[in-house]
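Colleague: So here's run.csv (CSV, C-alpha atoms).
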```csv
chain,number,residue,atom,x,y,z
A,265,MET,CA,25.4,24.1,84.7
A,266,ILE,CA,25.9,25.5,81.2
A,267,HIS,CA,29.1,23.4,80.9
A,268,ARG,CA,27.2,20.2,81.8
A,269,THR,CA,24.4,21.0,79.4
A,270,ARG,CA,26.8,21.6,76.6
A,271,HIS,CA,28.6,18.4,77.4
A,272,ARG,CA,25.3,16.5,77.3
A,273,TRP,CA,24.4,18.1,74.0
A,274,GLN,CA,27.7,17.1,72.6
A,275,ARG,CA,27.3,13.6,73.8
A,276,GLY,CA,23.8,13.5,72.4
A,277,SER,CA,24.9,14.8,69.1
A,278,ARG,CA,27.7,12.3,68.9
A,279,LEU,CA,25.3,9.5,69.7
A,280,PHE,CA,22.9,10.8,67.1
A,281,CYS,CA,25.6,10.8,64.5
A,282,SER,CA,26.7,7.3,65.4
A,283,LEU,CA,23.1,6.0,65.2
A,284,TRP,CA,22.6,7.9,61.9
A,285,LEU,CA,25.8,6.3,60.5
A,286,VAL,CA,24.7,2.8,61.6
A,287,GLY,CA,21.2,3.4,60.3
A,288,VAL,CA,22.5,4.5,56.9
A,289,MET,CA,24.7,1.4,56.7
A,290,LEU,CA,21.9,-0.9,57.6
A,291,LEU,CA,19.6,0.7,55.1
A,292,GLY,CA,22.3,0.5,52.5
A,293,CYS,CA,22.6,-3.3,53.2
A,294,THR,CA,18.9,-3.8,53.0
A,295,GLU,CA,18.5,-1.8,49.9
A,296,ARG,CA,21.4,-3.6,48.2
A,297,GLN,CA,19.9,-7.0,49.1
A,298,THR,CA,16.3,-6.3,48.2
A,299,SER,CA,16.9,-4.5,45.0
A,300,PRO,CA,20.1,-5.7,43.4
A,301,ASP,CA,19.1,-4.0,40.1
A,302,ALA,CA,18.7,-0.6,41.7
A,303,PRO,CA,20.5,2.2,39.9
A,304,PRO,CA,23.8,3.4,41.4
A,305,PRO,CA,23.7,6.1,44.1
A,306,SER,CA,24.7,8.7,41.6
A,307,SER,CA,21.3,8.4,40.0
A,308,SER,CA,19.2,8.5,43.1
A,309,ALA,CA,16.3,10.8,43.5
A,310,GLU,CA,18.3,13.3,45.6
A,311,SER,CA,20.9,14.0,43.0
A,312,PRO,CA,20.1,16.8,40.7
A,313,PRO,CA,18.7,15.9,37.3
A,314,PRO,CA,21.3,15.6,34.6
A,315,ILE,CA,21.6,18.5,32.2
A,316,ASP,CA,22.1,17.7,28.6
A,317,PRO,CA,25.7,18.6,27.5
A,318,ALA,CA,24.4,19.5,24.1
A,319,LEU,CA,22.1,22.0,25.6
A,320,LEU,CA,24.9,23.4,27.8
A,321,ALA,CA,27.1,23.7,24.7
A,322,PHE,CA,24.4,25.5,22.8
A,323,LEU,CA,23.8,27.9,25.7
A,324,SER,CA,27.6,28.5,26.1
A,325,ARG,CA,28.0,29.2,22.4
A,326,ALA,CA,25.0,31.6,22.4
A,327,ARG,CA,26.4,33.4,25.4
A,328,ALA,CA,29.8,33.8,23.7
A,329,ALA,CA,28.1,35.1,20.6
A,330,HIS,CA,26.2,37.7,22.7
A,331,HIS,CA,29.5,38.8,24.3
A,332,ARG,CA,31.1,39.2,20.9
A,333,ALA,CA,28.1,41.2,19.8
A,334,ASP,CA,28.4,43.4,22.9
A,335,ALA,CA,32.0,44.2,21.9
A,336,PHE,CA,30.9,45.2,18.4
A,337,GLU,CA,28.0,47.2,19.7
A,338,GLU,CA,30.3,49.1,22.0
A,339,LYS,CA,32.4,50.1,19.0
A,340,ASN,CA,29.1,51.0,17.2
A,341,GLN,CA,29.7,48.3,14.6
A,342,LEU,CA,26.1,47.2,14.5
A,343,PRO,CA,26.2,45.1,11.3
A,344,ARG,CA,29.1,43.1,12.8
A,345,ALA,CA,27.1,42.6,16.0
A,346,LEU,CA,24.1,41.4,13.9
A,347,GLU,CA,26.4,38.9,12.1
A,348,GLU,CA,27.5,37.5,15.4
A,349,LEU,CA,23.9,37.1,16.6
A,350,GLY,CA,22.9,35.6,13.3
A,351,ARG,CA,25.3,32.7,13.9
A,352,ILE,CA,23.2,31.6,16.9
A,353,LEU,CA,20.2,31.3,14.6
A,354,ASP,CA,22.0,29.6,11.8
A,355,GLY,CA,24.1,27.2,14.0
A,356,PRO,CA,23.2,23.8,15.2
A,357,ARG,CA,20.4,23.4,17.9
A,358,PRO,CA,20.3,20.5,20.3
A,359,HIS,CA,17.4,18.1,19.7
A,360,ALA,CA,15.9,20.2,16.9
A,361,ALA,CA,13.0,17.8,16.5
A,362,GLN,CA,11.9,18.3,20.1
A,363,PRO,CA,13.6,21.5,21.2
A,364,TYR,CA,14.2,22.5,24.8
A,365,VAL,CA,12.3,25.4,26.1
A,366,GLU,CA,15.6,27.1,27.0
A,367,VAL,CA,16.7,26.9,23.3
A,368,GLY,CA,13.5,28.6,22.2
A,369,GLU,CA,14.0,31.3,24.8
A,370,VAL,CA,17.6,32.0,23.8
A,371,LEU,CA,16.6,32.2,20.1
A,372,ALA,CA,13.6,34.5,21.0
A,373,ASP,CA,15.9,36.7,23.0
A,374,THR,CA,18.4,36.8,20.2
A,375,ARG,CA,15.6,37.8,17.8
A,376,ALA,CA,14.6,40.6,20.1
A,377,ARG,CA,18.2,41.9,20.2
A,378,MET,CA,18.6,41.6,16.4
A,379,ALA,CA,15.3,43.5,16.0
A,380,ASP,CA,16.6,46.3,18.2
A,381,LEU,CA,19.9,46.5,16.2
A,382,ARG,CA,18.2,46.5,12.8
A,383,SER,CA,15.8,49.2,13.9
A,384,ARG,CA,18.7,51.3,15.1
A,385,LEU,CA,20.2,50.8,11.6
A,386,GLY,CA,16.9,52.2,10.2
A,387,ASP,CA,15.5,48.9,8.8
A,388,HIS,CA,12.2,48.8,10.7
A,389,ASP,CA,10.5,46.3,8.5
A,390,ALA,CA,13.3,43.8,9.0
A,391,ALA,CA,13.2,44.5,12.7
A,392,LEU,CA,9.5,43.7,12.9
A,393,ARG,CA,10.1,40.5,11.0
A,394,ASP,CA,12.6,39.5,13.7
A,395,VAL,CA,10.0,40.3,16.4
A,396,GLU,CA,7.4,38.2,14.6
A,397,ALA,CA,9.9,35.3,14.3
A,398,GLY,CA,10.7,35.6,18.0
A,399,LEU,CA,7.1,35.6,19.0
A,400,GLN,CA,6.7,32.3,17.2
A,401,LEU,CA,9.5,30.9,19.4
A,402,ALA,CA,8.0,32.2,22.7
A,403,PRO,CA,4.3,31.4,22.6
A,404,GLY,CA,3.8,31.3,26.4
A,405,GLN,CA,3.3,34.2,28.8
A,406,THR,CA,7.0,34.6,29.5
A,407,TYR,CA,9.5,37.4,30.1
A,408,PHE,CA,10.8,36.7,26.6
A,409,ARG,CA,7.5,37.2,24.9
A,410,GLY,CA,6.9,40.4,26.9
A,411,HIS,CA,10.4,41.7,26.0
A,412,LEU,CA,9.6,41.0,22.3
A,413,PHE,CA,6.5,43.3,22.6
A,414,GLU,CA,8.7,45.9,24.3
A,415,VAL,CA,11.1,45.8,21.4
A,416,ARG,CA,8.2,46.0,18.9
A,417,GLY,CA,7.2,49.2,20.8
A,418,LEU,CA,10.7,50.5,20.4
A,419,VAL,CA,10.8,49.8,16.7
A,420,GLU,CA,7.5,51.5,16.1
A,421,GLU,CA,8.6,54.4,18.2
A,422,ARG,CA,11.7,54.9,16.1
A,423,ARG,CA,9.7,54.5,13.0
A,424,ALA,CA,7.3,57.2,14.2
A,425,LYS,CA,10.2,59.6,14.8
A,426,ALA,CA,11.6,58.9,11.4
A,427,LEU,CA,8.3,59.4,9.7
A,428,SER,CA,7.7,62.6,11.7
A,429,LYS,CA,11.1,63.9,10.6
A,430,ALA,CA,10.2,63.1,7.1
A,431,GLY,CA,7.0,65.1,7.4
A,432,ASP,CA,4.6,62.2,7.2
A,433,ALA,CA,2.5,63.2,10.3
A,434,GLU,CA,-0.3,60.8,9.7
A,435,ALA,CA,1.9,57.7,9.3
A,436,ALA,CA,3.9,58.9,12.3
A,437,GLU,CA,0.8,59.1,14.4
A,438,GLN,CA,-0.2,55.5,13.4
A,439,ALA,CA,3.3,54.2,14.2
A,440,ARG,CA,3.1,56.0,17.6
A,441,GLU,CA,-0.2,54.4,18.4
A,442,ARG,CA,1.2,51.0,17.5
A,443,ALA,CA,4.1,51.6,19.7
A,444,LEU,CA,1.9,52.5,22.6
A,445,ALA,CA,-0.2,49.4,22.1
A,446,ALA,CA,2.9,47.2,22.0
A,447,PHE,CA,4.4,48.7,25.2
A,448,GLU,CA,1.0,48.2,26.9
A,449,GLN,CA,0.9,44.6,25.7
A,450,ALA,CA,4.5,44.1,27.1
A,451,MET,CA,3.3,45.4,30.4
A,452,ARG,CA,0.3,43.1,30.6
A,453,ILE,CA,2.6,40.1,29.8
A,454,GLN,CA,5.2,41.1,32.4
A,455,GLU,CA,2.5,41.6,35.0
A,456,LYS,CA,1.4,38.0,34.5
A,457,VAL,CA,5.0,36.8,34.7
A,458,ILE,CA,5.4,38.7,38.0
A,459,ARG,CA,2.1,37.3,39.4
A,460,LYS,CA,3.3,33.8,38.6
A,461,ALA,CA,6.9,34.3,39.9
A,462,ALA,CA,5.9,36.3,43.0
A,463,PRO,CA,2.6,34.8,44.0
A,464,VAL,CA,2.1,36.5,47.4
A,465,GLU,CA,-0.3,39.5,47.1
A,466,ASN,CA,0.8,43.0,48.0
A,467,ALA,CA,0.9,44.0,51.6
A,468,PRO,CA,-2.6,45.0,52.9
B,52,MET,CA,39.2,8.7,79.1
B,53,SER,CA,36.6,7.2,81.5
B,54,ARG,CA,35.7,3.6,81.4
B,55,THR,CA,32.2,4.3,80.2
B,56,GLU,CA,33.6,6.3,77.3
B,57,VAL,CA,35.9,3.4,76.4
B,58,LEU,CA,33.0,0.9,76.6
B,59,ARG,CA,30.8,3.2,74.5
B,60,ARG,CA,33.5,3.5,71.8
B,61,ALA,CA,34.1,-0.2,71.8
B,62,ALA,CA,30.4,-0.9,71.4
B,63,LEU,CA,30.2,1.5,68.5
B,64,GLY,CA,33.2,-0.1,66.9
B,65,LEU,CA,31.6,-3.5,67.3
B,66,ALA,CA,28.4,-2.3,65.8
B,67,LEU,CA,30.1,-0.8,62.8
B,68,ALA,CA,32.2,-3.9,62.3
B,69,TRP,CA,29.0,-6.0,62.5
B,70,CYS,CA,27.3,-3.9,59.9
B,71,ILE,CA,30.3,-4.1,57.5
B,72,ALA,CA,30.6,-7.8,58.0
B,73,GLY,CA,26.9,-8.4,57.7
B,74,CYS,CA,26.7,-6.3,54.6
B,75,ALA,CA,29.5,-8.2,52.9
B,76,ALA,CA,28.2,-11.6,54.0
B,77,ARG,CA,24.7,-10.8,52.6
B,78,ARG,CA,26.2,-9.6,49.3
B,79,ASP,CA,28.4,-12.8,49.1
B,80,THR,CA,25.5,-15.1,49.8
B,81,ALA,CA,22.9,-13.3,47.6
B,82,PRO,CA,21.3,-15.6,45.0
B,83,VAL,CA,23.2,-15.6,41.8
B,84,LYS,CA,20.1,-15.0,39.7
B,85,ALA,CA,19.3,-11.9,41.7
B,86,SER,CA,22.7,-10.4,41.2
B,87,PRO,CA,23.2,-8.2,38.2
B,88,PRO,CA,26.1,-9.3,35.8
B,89,PRO,CA,29.5,-8.0,36.8
B,90,ALA,CA,29.3,-5.2,34.2
B,91,GLN,CA,26.2,-3.9,35.9
B,92,GLN,CA,27.6,-4.0,39.3
B,93,GLN,CA,30.2,-1.5,38.4
B,94,PRO,CA,29.1,2.1,38.5
B,95,ALA,CA,27.9,3.4,35.2
B,96,PRO,CA,30.7,5.3,33.4
B,97,PRO,CA,30.1,9.0,33.2
B,98,PRO,CA,29.2,10.4,29.8
B,99,GLN,CA,32.5,12.3,29.5
B,100,PRO,CA,35.3,11.4,27.1
B,101,ALA,CA,38.1,9.2,28.2
B,102,ALA,CA,40.4,12.0,28.8
B,103,ASP,CA,38.0,13.6,31.2
B,104,ASP,CA,37.5,10.4,33.0
B,105,ASP,CA,41.3,10.1,33.5
B,106,LEU,CA,41.3,13.7,34.8
B,107,GLU,CA,38.6,13.1,37.3
B,108,ARG,CA,40.1,9.8,38.5
B,109,GLY,CA,43.4,11.6,39.0
B,110,ALA,CA,41.7,14.3,41.0
B,111,VAL,CA,40.0,11.8,43.3
B,112,GLU,CA,43.3,10.0,43.9
B,113,GLN,CA,45.0,13.2,44.7
B,114,SER,CA,42.3,14.2,47.2
B,115,SER,CA,42.5,10.8,49.0
B,116,PRO,CA,46.1,9.6,49.2
B,117,THR,CA,45.1,6.8,51.6
B,118,ALA,CA,42.5,5.3,49.3
B,119,GLY,CA,44.7,2.3,48.7
B,120,ASP,CA,45.1,1.6,52.4
B,121,GLU,CA,41.4,1.9,53.0
B,122,ALA,CA,40.7,-0.6,50.2
B,123,ALA,CA,43.1,-3.0,51.8
B,124,ASP,CA,41.3,-2.7,55.1
B,125,PHE,CA,37.9,-3.3,53.4
B,126,ASP,CA,39.4,-6.4,51.7
B,127,ASP,CA,40.3,-7.8,55.0
B,128,GLY,CA,36.8,-7.2,56.2
B,129,GLY,CA,35.4,-9.4,53.4
B,130,TYR,CA,34.2,-6.8,50.8
B,131,ALA,CA,33.7,-8.2,47.4
B,132,GLN,CA,36.8,-7.9,45.2
B,133,PRO,CA,36.5,-5.8,42.0
B,134,PRO,CA,36.5,-7.8,38.8
B,135,ALA,CA,39.9,-8.5,37.3
B,136,SER,CA,39.1,-6.4,34.3
B,137,ALA,CA,38.5,-3.3,36.5
B,138,PRO,CA,40.9,-0.5,35.6
B,139,VAL,CA,43.9,-0.2,38.0
B,140,ALA,CA,43.9,3.2,39.6
B,141,GLU,CA,47.1,4.9,38.6
B,142,PRO,CA,48.1,8.5,38.7
B,143,SER,CA,47.2,10.0,35.4
B,144,PRO,CA,49.6,12.5,33.8
B,145,LEU,CA,48.5,16.0,33.0
B,146,PRO,CA,46.6,16.0,29.7
B,147,ALA,CA,48.1,17.8,26.8
B,148,GLY,CA,47.0,18.9,23.3
B,149,PRO,CA,43.5,17.7,22.4
B,150,GLU,CA,43.2,16.0,25.7
B,151,LEU,CA,43.8,19.3,27.5
B,152,ARG,CA,41.2,20.9,25.2
B,153,ALA,CA,38.7,18.2,26.1
B,154,ALA,CA,39.4,18.6,29.7
B,155,ILE,CA,38.9,22.4,29.6
B,156,ASP,CA,35.7,21.9,27.6
B,157,HIS,CA,34.5,19.5,30.2
B,158,GLU,CA,35.3,21.9,33.1
B,159,TRP,CA,33.6,24.7,31.2
B,160,LEU,CA,30.5,22.6,30.8
B,161,GLU,CA,30.6,21.7,34.5
B,162,LEU,CA,30.7,25.4,35.3
B,163,GLU,CA,27.8,26.1,33.0
B,164,ARG,CA,25.9,23.2,34.7
B,165,GLU,CA,26.5,24.7,38.1
B,166,GLU,CA,25.4,28.1,37.0
B,167,MET,CA,22.2,26.7,35.5
B,168,ARG,CA,21.5,25.0,38.8
B,169,LEU,CA,22.1,28.2,40.7
B,170,SER,CA,20.0,30.1,38.3
B,171,ASP,CA,17.2,27.6,38.8
B,172,ALA,CA,17.5,28.1,42.5
B,173,LEU,CA,17.2,31.9,42.1
B,174,GLY,CA,14.6,31.3,39.4
B,175,ASP,CA,11.4,33.0,40.3
B,176,CYS,CA,12.8,36.2,41.8
B,177,ALA,CA,15.3,36.7,38.9
B,178,ARG,CA,12.4,36.3,36.5
B,179,ALA,CA,10.2,38.7,38.5
B,180,CYS,CA,13.0,41.3,38.7
B,181,ARG,CA,13.6,41.1,34.9
B,182,ALA,CA,9.9,41.4,34.2
B,183,LEU,CA,9.7,44.4,36.5
B,184,ASP,CA,12.6,46.0,34.7
B,185,SER,CA,10.7,45.5,31.4
B,186,MET,CA,7.6,47.0,32.8
B,187,LYS,CA,9.5,50.1,34.0
B,188,ARG,CA,11.1,50.6,30.6
B,189,SER,CA,7.7,50.2,28.8
B,190,ALA,CA,6.0,52.6,31.2
B,191,ARG,CA,8.7,55.2,30.5
B,192,HIS,CA,8.2,54.9,26.8
B,193,ILE,CA,4.4,55.1,27.2
B,194,CYS,CA,4.8,58.3,29.1
B,195,GLN,CA,7.1,59.7,26.5
B,196,LEU,CA,4.8,58.8,23.6
B,197,GLU,CA,1.5,60.0,25.1
B,198,PRO,CA,0.6,63.5,23.9
B,199,PRO,CA,0.4,66.1,26.7
B,200,PRO,CA,-3.4,66.5,27.1
B,201,GLY,CA,-4.2,63.0,28.1
B,202,GLN,CA,-2.0,61.5,30.8
B,203,GLY,CA,-4.3,58.6,31.5
B,204,ARG,CA,-2.2,55.9,29.8
B,205,CYS,CA,1.0,57.2,31.5
B,206,GLU,CA,-0.6,57.3,34.9
B,207,ASP,CA,-2.1,53.9,34.5
B,208,ALA,CA,1.3,52.5,33.4
B,209,ASN,CA,3.1,54.0,36.4
B,210,GLU,CA,0.4,52.7,38.8
B,211,ARG,CA,0.8,49.2,37.4
B,212,VAL,CA,4.6,49.5,37.8
B,213,GLN,CA,4.2,50.5,41.5
B,214,GLN,CA,1.9,47.6,42.1
B,215,ALA,CA,4.3,45.2,40.5
B,216,ARG,CA,7.2,46.7,42.4
B,217,ARG,CA,5.4,46.2,45.7
B,218,ARG,CA,4.6,42.6,44.8
B,219,VAL,CA,8.1,41.8,43.8
B,220,HIS,CA,9.5,43.5,46.9
B,221,ARG,CA,7.1,41.6,49.2
B,222,ASN,CA,8.1,38.2,47.6
B,223,CYS,CA,11.8,38.8,46.8
B,224,GLY,CA,13.0,41.9,48.5
B,225,GLU,CA,15.0,44.4,46.5
B,226,CYS,CA,16.1,43.4,43.0
B,227,GLN,CA,19.8,43.6,43.4
B,228,GLY,CA,21.5,46.1,41.0
B,229,ARG,CA,18.2,46.7,39.1
B,230,GLU,CA,16.3,49.2,41.2
```
As structure tokens, how would this structure be written, given the file I've shared?
Modeller:
Amino acid sequence: MIHRTRHRWQRGSRLFCSLWLVGVMLLGCTERQTSPDAPPPSSSAESPPPIDPALLAFLSRARAAHHRADAFEEKNQLPRALEELGRILDGPRPHAAQPYVEVGEVLADTRARMADLRSRLGDHDAALRDVEAGLQLAPGQTYFRGHLFEVRGLVEERRAKALSKAGDAEAAEQARERALAAFEQAMRIQEKVIRKAAPVENAP
Amino acid sequence: MSRTEVLRRAALGLALAWCIAGCAARRDTAPVKASPPPAQQQPAPPPQPAADDDLERGAVEQSSPTAGDEAADFDDGGYAQPPASAPVAEPSPLPAGPELRAAIDHEWLELEREEMRLSDALGDCARACRALDSMKRSARHICQLEPPPGQGRCEDANERVQQARRRVHRNCGECQGRE
């Protein structure tokens, strides 16, 4: 019984495949005749949208620069790491007049990392300038904007420690409060990112 | 093989042959003004450099050694001939020097392209997991920064992290390598 059923299923599936093949051929003929100017199949709606090679080249270059910065950071050569990251900012950008979102995100993320490195080198003001520049590049409620606020918090926290060490308690307290505010802002943004990316509510 | 099976296969073969012949006949008899010029009938060339094109063509030929035979069969069936100016498919030699570099660059870009597509497919959950990580780090710093008497901001931050974690878990499962 099972054997016969399987045989029927195989026969049915073969028939289905044959019909599908013939149908596709007929449709192909019809389409070719009725729309001779139709684009080639490679540009059909089912194929994935083309991705700009210039954008890919930019992303690839940025990733390589981050890898090189990783290597310098591991050796605690932070200025060299900063140099590598700076090349991403100074280098060519695809379609600078109408930049891709991805390019802005990469640049914002690079600014965040540079701010962290500068702050570790003790240059907190320059670090905050990097954060501000990054925020200009990531105006929407994205992970990257949230991460920039997180880095701002880190910078202010390090500044607070440095000020406290130097005996300036009042300035240290102000920096600490700014750090708390920045971390809380980062949390608010990331909450929105999560709500958007994971729309289903928590389990009841 | 049973007689019915033979008949069914013969019928299928006839149907396919009819389709192929009909298709070719329609194409041949299509009004001239409706047909695009020969240059448009050919598939649009890919945007890669010539060296990459040769590389891809070589790969296709290697993957289908009977392509020439199949083309001959189609010719017999009445398919339109390619224009005389169409490039003759010949095995391309392995690229060297600048061509090799261009080929490697092309392959690298293809890899990047695939990775981007994969990343898009993972998209939302990858973003949610990264955002959750950021929240956890921020909450940890808030708890370190808040002076001992008032734990309100720390508790609030931890509660929000727990809520976000439950939400991400419900939608995406565990964040691999991040928890």
Colleague: Select, from A:Ala426, A:Val367, A:Ala433, A:Arg459, the residue with the minimum atom-to-atom distance to Asp387 (chain A), counting all atoms listed in the file.
Modeller: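 Counting all atoms listed in the file, the residue closest to Asp387 (chain A) is A:Ala426.
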Colleague: What does the distance from CA of Ile453 (chain A) to CA of Glu225 (chain B) come to in Å, to one decimal?
Modeller: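 If I compute the distance from CA of Ile453 (chain A) to CA of Glu225 (chain B), I get 21.2 Å.
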Colleague: Identify which of the residues A:Asp354, A:Glu347, A:Asp316, A:Asp334 lies closest to chain B, counting all atoms listed in the file when measuring atom-to-atom distances.
Modeller: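 Ranking A:Asp354, A:Glu347, A:Asp316, A:Asp334 by distance to chain B, first place goes to A:Asp316.
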Colleague: Could you pull the residues within 10 Å of Gly398 (chain A), counting all atoms listed in the file, minus those fewer than 4 positions along the same chain, as a tab-separated table (two decimals) with C-alpha atoms, in the frame of the given file?
Modeller:
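Below is the file selection.tsv, written as the result:
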```tsv
chain	number	residue	atom	x	y	z
A	368	GLY	CA	13.50	28.60	22.20
A	369	GLU	CA	14.00	31.30	24.80
A	370	VAL	CA	17.60	32.00	23.80
A	371	LEU	CA	16.60	32.20	20.10
A	372	ALA	CA	13.60	34.50	21.00
A	373	ASP	CA	15.90	36.70	23.00
A	374	THR	CA	18.40	36.80	20.20
A	375	ARG	CA	15.60	37.80	17.80
A	376	ALA	CA	14.60	40.60	20.10
A	379	ALA	CA	15.30	43.50	16.00
A	392	LEU	CA	9.50	43.70	12.90
A	393	ARG	CA	10.10	40.50	11.00
A	394	ASP	CA	12.60	39.50	13.70
A	402	ALA	CA	8.00	32.20	22.70
A	403	PRO	CA	4.30	31.40	22.60
A	408	PHE	CA	10.80	36.70	26.60
A	409	ARG	CA	7.50	37.20	24.90
A	412	LEU	CA	9.60	41.00	22.30
A	413	PHE	CA	6.50	43.30	22.60
```
Colleague: Compute the set of chain B residues within 6 Å of chain A, using all atoms listed in the file, and express it as a short mmCIF file (atom, residue, chain, number, x, y, z; two decimals) with C-alpha atoms, keeping the file's coordinate frame.
Modeller:
```cif
data_model
loop_
_atom_site.label_atom_id
_atom_site.label_comp_id
_atom_site.auth_asym_id
_atom_site.auth_seq_id
_atom_site.Cartn_x
_atom_site.Cartn_y
_atom_site.Cartn_z
CA CYS B 74 26.70 -6.30 54.60
CA SER B 86 22.70 -10.40 41.20
CA ASP B 175 11.40 33.00 40.30
CA ALA B 179 10.20 38.70 38.50
CA ALA B 182 9.90 41.40 34.20
CA MET B 186 7.60 47.00 32.80
CA SER B 189 7.70 50.20 28.80
CA ILE B 193 4.40 55.10 27.20
CA ARG B 218 4.60 42.60 44.80
CA VAL B 219 8.10 41.80 43.80
CA ASN B 222 8.10 38.20 47.60
#
```
Colleague: Interatomic distance between CA of Leu183 (chain B) and CA of Gly404 (chain A)?
Modeller: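 It comes out at 17.6 Å.
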Colleague: What is the CA of Glu348 (chain A)-CA of Arg384 (chain A) distance in Å, reported with one decimal?
Modeller: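 Separation between CA of Glu348 (chain A) and CA of Arg384 (chain A): 16.4 Å.
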Colleague: Which residues are close to Arg181 (chain B), i.e. within 9 Å by all atoms listed in the file, leaving aside same-chain residues fewer than 3 positions away? Reply as a list in words.
Modeller: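 Counting all atoms listed in the file, the residues come to Tyr407 and Gln454 of chain A; Cys176, Ala177, Arg178, Asp184, Ser185, Met186, Cys226 and Arg229 of chain B.
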Colleague: List the neighbours of Ala439 (chain A) out to 9 Å using only C-alpha atoms; skip same-chain residues closer than 6 positions along the sequence, and give me the result as a short mmCIF file (atom, residue, chain, number, x, y, z; two decimals) with C-alpha atoms, in the coordinates of the input.
Modeller:
```cif
data_model
loop_
_atom_site.label_atom_id
_atom_site.label_comp_id
_atom_site.auth_asym_id
_atom_site.auth_seq_id
_atom_site.Cartn_x
_atom_site.Cartn_y
_atom_site.Cartn_z
CA GLU A 420 7.50 51.50 16.10
CA GLU A 421 8.60 54.40 18.20
CA ARG A 422 11.70 54.90 16.10
CA ARG A 423 9.70 54.50 13.00
CA ALA A 424 7.30 57.20 14.20
CA LYS A 425 10.20 59.60 14.80
CA LEU A 427 8.30 59.40 9.70
#
```
Colleague: When you count all atoms listed in the file, which of these residues is closest to Glu366 (chain A): A:Val419, A:Leu401, A:Ala435, A:Ala430?
Modeller: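 Comparing A:Val419, A:Leu401, A:Ala435, A:Ala430 against Glu366 (chain A), the winner is A:Leu401.
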